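Working notes, structure below.
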Amino acid sequence: SGEDSGEDSGEDSGEDSGEDSGEDSGEDSGEDSGEDDLDLSEYQGVVDEIIEFTATGEGKHMMYERLALYVDTVGSRILGSEALETFIDMIVDEATGEGLDNVHKEEVPDLIPWVRGTEYASMLTPREKSLSILGLGGSVGSQGEEIIASVIVVRTFAELEERSSEVDGKIVVFNQEWVSYDTSVEYRYFGASTAAKHGGVAALVRSVTPFSIYTPHAGIMNYMSDVEAIPTASITVEDAELMQRMADRGDNITVKLYMGAYNMDSYTSYNVVAEITGTTYPDEIVLVSGHMDSWDVGQGAMDDGAGAFISWQVLSTLTMMGLRPKRTIRMVLWTGEEMGDLGSLHYFSTHEAEAGNMSLVMESDSGTFTPLGIQFSGSEAAKSVMSEVMALLASINATGLYYGSDTDGSDISEFVDIGVPGGTLRTEGEDLYYFYFHHTNADTMTVLDPRQLDLCAAVWASVAYVVADLDYMLPRD
């Protein structure tokens, strides 16, 4: 989930156009878009209709109610769980019943699910206290035994290196400060191997969040290949800071840790695909996406049930309104994102040949709060077109086109890296309170607001429809 945006607010618009570019009916629309193509005011009426339908009309709160039914029924959906596969099948059944085109599952084989198992931790000295933990995804267990060891608390990797002679045989507690998600998450990813390199027997990592109400945050971690794999878990901000204060006073801290984590046998999960087939250029694609899996805590409502369901809502809204664009709009809902973008990586490996026919790939996985606009990656020419697309959303104050280095979601990054224009949803608060709830037991429907979801769905449907209906693909040069 991206944090930092570029400084371009997307307020600049292209020059006024002359006549419309005409309606080519060849197999390929091509990528040329001259200045005459930049006046998209003809789409203002249909965008207003999409917004009205979604925010105040027949589609009002439809997405909220659909998502609530699914996550209340199924709950959290970690890779390998029956809940995830039930969730997938429910979507396929309902999407088929809606009359969407080409509804199907696509295999994602040879996946190795990780299981948390029983886990607990407590501080034994200088006083007894239970510690709330969440084992990090991919971590080894404690081999059926409790680890009881002294603790060393460090704030940074640099401090760990400076005090490396003190680490052997100890549990390393990382009390890194919150800077941003991309910066602070490095401790979750690499804390265990960095600790093991100096003889640490386990690593406890302060949860990656700017705010805590004693909530540990789950997430994936990585082992370096040249060091021993040791157990690692997240702890709350409060417990990390408690142990920091104790260590600063010279107290001898001892912790007991048990983790029953293990890997299951390989299995096959599925991405879900559905489409609205284009009327003129059916082989050209605008792709909308989000991921279906979650961690095994909370409901996975915010991350990323809502992102997946606004992508589904694009097809539902346009179908209910009787709108069918020139290009195909394809929804892909990913499996296995939380364990390393597994569904999207497999999709890219089997669909890379279609990249030349993709006008825009879109992903929502950074929250669905009040929408601001789109974070965009593409050529300057494509940026000019997208600025005009976003200007159509002025009535809901979602005209922003953010353009910078951090412009693609992880599930679309493979396509973006080979030149396909990409867009992710930008919303108020995604840099802060999104991470209050991210990967926690607090990620439930309570986080979500029906009105905000309606507005996000309106933005997503409007952008997808207009880009899919242009007489040209978004230019890449």
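Ordering of the structure tokens sets the chain letters (A, B, ...), residue numbers begin anew at 1 in every chain, and ligands are numbered from 1 in the order given.
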
Identify, with DSSP run on backbone atoms, the residues in range 168-205 of chain A assigned to strand (DSSP E), and express the list as a VMD selection string.
-> chain A and resid 171 to 174 202 to 205

Could you turn the residues from that selection into a file that holds all heavy atoms, as a PDB file, in the first residue's frame?
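Final file, again.pdb:
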```pdb
ATOM      1  N   ILE A 171      16.703 -12.712  23.296  1.00  0.00           N
ATOM      2  CA  ILE A 171      15.591 -12.289  22.451  1.00  0.00           C
ATOM      3  C   ILE A 171      15.789 -10.814  22.141  1.00  0.00           C
ATOM      4  O   ILE A 171      15.954 -10.002  23.056  1.00  0.00           O
ATOM      5  CB  ILE A 171      14.245 -12.511  23.155  1.00  0.00           C
ATOM      6  CG1 ILE A 171      14.005 -14.012  23.385  1.00  0.00           C
ATOM      7  CG2 ILE A 171      13.105 -11.899  22.361  1.00  0.00           C
ATOM      8  CD1 ILE A 171      12.784 -14.315  24.239  1.00  0.00           C
ATOM      9  N   VAL A 172      15.788 -10.472  20.860  1.00  0.00           N
ATOM     10  CA  VAL A 172      15.956  -9.080  20.455  1.00  0.00           C
ATOM     11  C   VAL A 172      14.581  -8.437  20.293  1.00  0.00           C
ATOM     12  O   VAL A 172      13.725  -8.950  19.568  1.00  0.00           O
ATOM     13  CB  VAL A 172      16.738  -8.971  19.136  1.00  0.00           C
ATOM     14  CG1 VAL A 172      16.841  -7.501  18.697  1.00  0.00           C
ATOM     15  CG2 VAL A 172      18.133  -9.579  19.293  1.00  0.00           C
ATOM     16  N   VAL A 173      14.371  -7.332  20.989  1.00  0.00           N
ATOM     17  CA  VAL A 173      13.155  -6.535  20.845  1.00  0.00           C
ATOM     18  C   VAL A 173      13.505  -5.294  20.032  1.00  0.00           C
ATOM     19  O   VAL A 173      14.388  -4.515  20.416  1.00  0.00           O
ATOM     20  CB  VAL A 173      12.570  -6.135  22.210  1.00  0.00           C
ATOM     21  CG1 VAL A 173      11.450  -5.104  22.038  1.00  0.00           C
ATOM     22  CG2 VAL A 173      12.048  -7.357  22.940  1.00  0.00           C
ATOM     23  N   PHE A 174      12.832  -5.139  18.887  1.00  0.00           N
ATOM     24  CA  PHE A 174      13.010  -3.955  18.063  1.00  0.00           C
ATOM     25  C   PHE A 174      11.933  -2.941  18.418  1.00  0.00           C
ATOM     26  O   PHE A 174      10.750  -3.189  18.235  1.00  0.00           O
ATOM     27  CB  PHE A 174      12.917  -4.311  16.576  1.00  0.00           C
ATOM     28  CG  PHE A 174      14.089  -5.107  16.063  1.00  0.00           C
ATOM     29  CD1 PHE A 174      14.021  -6.493  15.990  1.00  0.00           C
ATOM     30  CD2 PHE A 174      15.259  -4.473  15.667  1.00  0.00           C
ATOM     31  CE1 PHE A 174      15.089  -7.236  15.520  1.00  0.00           C
ATOM     32  CE2 PHE A 174      16.340  -5.212  15.197  1.00  0.00           C
ATOM     33  CZ  PHE A 174      16.266  -6.586  15.120  1.00  0.00           C
ATOM     34  N   ALA A 202      15.377 -15.245  19.157  1.00  0.00           N
ATOM     35  CA  ALA A 202      14.037 -14.860  18.682  1.00  0.00           C
ATOM     36  C   ALA A 202      14.025 -13.353  18.521  1.00  0.00           C
ATOM     37  O   ALA A 202      14.898 -12.649  19.062  1.00  0.00           O
ATOM     38  CB  ALA A 202      12.948 -15.302  19.660  1.00  0.00           C
ATOM     39  N   ALA A 203      13.044 -12.866  17.773  1.00  0.00           N
ATOM     40  CA  ALA A 203      12.901 -11.420  17.579  1.00  0.00           C
ATOM     41  C   ALA A 203      11.454 -11.021  17.815  1.00  0.00           C
ATOM     42  O   ALA A 203      10.536 -11.652  17.285  1.00  0.00           O
ATOM     43  CB  ALA A 203      13.334 -11.012  16.175  1.00  0.00           C
ATOM     44  N   LEU A 204      11.254 -10.000  18.604  1.00  0.00           N
ATOM     45  CA  LEU A 204       9.947  -9.403  18.830  1.00  0.00           C
ATOM     46  C   LEU A 204       9.990  -7.987  18.277  1.00  0.00           C
ATOM     47  O   LEU A 204      10.863  -7.190  18.663  1.00  0.00           O
ATOM     48  CB  LEU A 204       9.595  -9.390  20.318  1.00  0.00           C
ATOM     49  CG  LEU A 204       9.501 -10.766  20.988  1.00  0.00           C
ATOM     50  CD1 LEU A 204       9.233 -10.614  22.486  1.00  0.00           C
ATOM     51  CD2 LEU A 204       8.422 -11.614  20.336  1.00  0.00           C
ATOM     52  N   VAL A 205       9.066  -7.673  17.366  1.00  0.00           N
ATOM     53  CA  VAL A 205       9.131  -6.427  16.612  1.00  0.00           C
ATOM     54  C   VAL A 205       7.936  -5.554  16.951  1.00  0.00           C
ATOM     55  O   VAL A 205       6.780  -6.016  16.893  1.00  0.00           O
ATOM     56  CB  VAL A 205       9.153  -6.711  15.100  1.00  0.00           C
ATOM     57  CG1 VAL A 205       9.297  -5.411  14.312  1.00  0.00           C
ATOM     58  CG2 VAL A 205      10.286  -7.679  14.747  1.00  0.00           C
TER      59      VAL A 205
END
```

Residues near Ala458 in chain A, cut-off 10 Å, only C-alpha atoms, skip fewer than 6 positions along chain, as a PyMOL selection string = chain A and resi 47-55+59+310+313-314+317+371+393+396+398+452+464

Listing only residues of range 89-108 of chain A within 9 Å of range 345-359 of chain A, what is the closest atom pair and its distance in Å (to one decimal) for each, using only C-alpha atoms, sorted by chain and residue number ascending, as a Markdown table?
```
| residue | atom | partner | partner_atom | distance |
| --- | --- | --- | --- | --- |
| A:Glu106 | CA | A:Tyr347 | CA | 8.4 |
| A:Glu107 | CA | A:His346 | CA | 8.8 |
| A:Val108 | CA | A:His346 | CA | 6.3 |
```

Dump of C-alpha atoms for the selected residues, as a PDB file, in the first residue's frame:
```pdb
ATOM      1  CA  GLU A 106      -8.029 -19.107 -12.525  1.00  0.00           C
ATOM      2  CA  GLU A 107      -5.720 -21.531 -10.749  1.00  0.00           C
ATOM      3  CA  VAL A 108      -2.787 -20.308  -8.673  1.00  0.00           C
TER       4      VAL A 108
END
```

Report as a PyMOL selection string: the residues of range 214-360 of chain A with a DSSP assignment of helix (DSSP H, G or I), based on the backbone of this structure.
-> chain A and resi 237-248+301-321+342-357

Residue with the minimum atom-to-atom distance to Ala240 in chain A, picked from A:Val103, A:Val153, A:Val332, A:Val297 with only C-alpha atoms counted, is A:Val153

Best match for closeness to Ser76 in chain A among A:Gly45, A:Gly305, A:Gly137, A:Pro113, counting only C-alpha atoms | A:Gly305

So, counting only C-alpha atoms, which residue among A:Thr427, A:Thr183, A:Thr335, A:Ser164 is closest to Trp295 in chain A?
->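 Distance minimum relative to Trp295 in chain A lands on A:Thr335.
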
Which residues are near Arg206 in chain A? Cut-off 7 Å, only C-alpha atoms, ignore same chain within fewer than 5 positions. Put them as a PDB file with N, CA and C atoms, in the first residue's frame.
```
ATOM      1  N   PHE A 174      12.832  -5.139  18.887  1.00  0.00           N
ATOM      2  CA  PHE A 174      13.010  -3.955  18.063  1.00  0.00           C
ATOM      3  C   PHE A 174      11.933  -2.941  18.418  1.00  0.00           C
ATOM      4  N   ASN A 175      12.364  -1.784  18.915  1.00  0.00           N
ATOM      5  CA  ASN A 175      11.448  -0.703  19.259  1.00  0.00           C
ATOM      6  C   ASN A 175      11.655   0.463  18.279  1.00  0.00           C
ATOM      7  N   GLN A 176      11.541   0.164  16.995  1.00  0.00           N
ATOM      8  CA  GLN A 176      11.754   1.191  15.975  1.00  0.00           C
ATOM      9  C   GLN A 176      10.632   2.216  15.995  1.00  0.00           C
ATOM     10  N   SER A 234       5.170  -9.961  16.196  1.00  0.00           N
ATOM     11  CA  SER A 234       4.960  -8.547  16.501  1.00  0.00           C
ATOM     12  C   SER A 234       4.438  -8.415  17.924  1.00  0.00           C
ATOM     13  N   ILE A 235       4.797  -7.305  18.540  1.00  0.00           N
ATOM     14  CA  ILE A 235       4.278  -6.955  19.858  1.00  0.00           C
ATOM     15  C   ILE A 235       3.641  -5.573  19.752  1.00  0.00           C
ATOM     16  N   THR A 236       2.927  -5.177  20.767  1.00  0.00           N
ATOM     17  CA  THR A 236       2.263  -3.877  20.728  1.00  0.00           C
ATOM     18  C   THR A 236       3.273  -2.753  20.917  1.00  0.00           C
ATOM     19  N   VAL A 237       2.894  -1.574  20.457  1.00  0.00           N
ATOM     20  CA  VAL A 237       3.695  -0.379  20.702  1.00  0.00           C
ATOM     21  C   VAL A 237       3.901  -0.189  22.193  1.00  0.00           C
ATOM     22  N   ALA A 240       6.517  -2.624  23.584  1.00  0.00           N
ATOM     23  CA  ALA A 240       7.860  -2.271  23.103  1.00  0.00           C
ATOM     24  C   ALA A 240       8.409  -1.086  23.880  1.00  0.00           C
TER      25      ALA A 240
END
```

Separation of CA of Leu474 in chain A from CA of Asp411 in chain A, in Å and rounded to one decimal = 20.0 Å

Shell around Gln244 in chain A at 10 Å using only C-alpha atoms, local window under 2 positions removed, as an MDAnalysis selection string | chainID A and resid 152:155 173:175 238:242 246:251 253
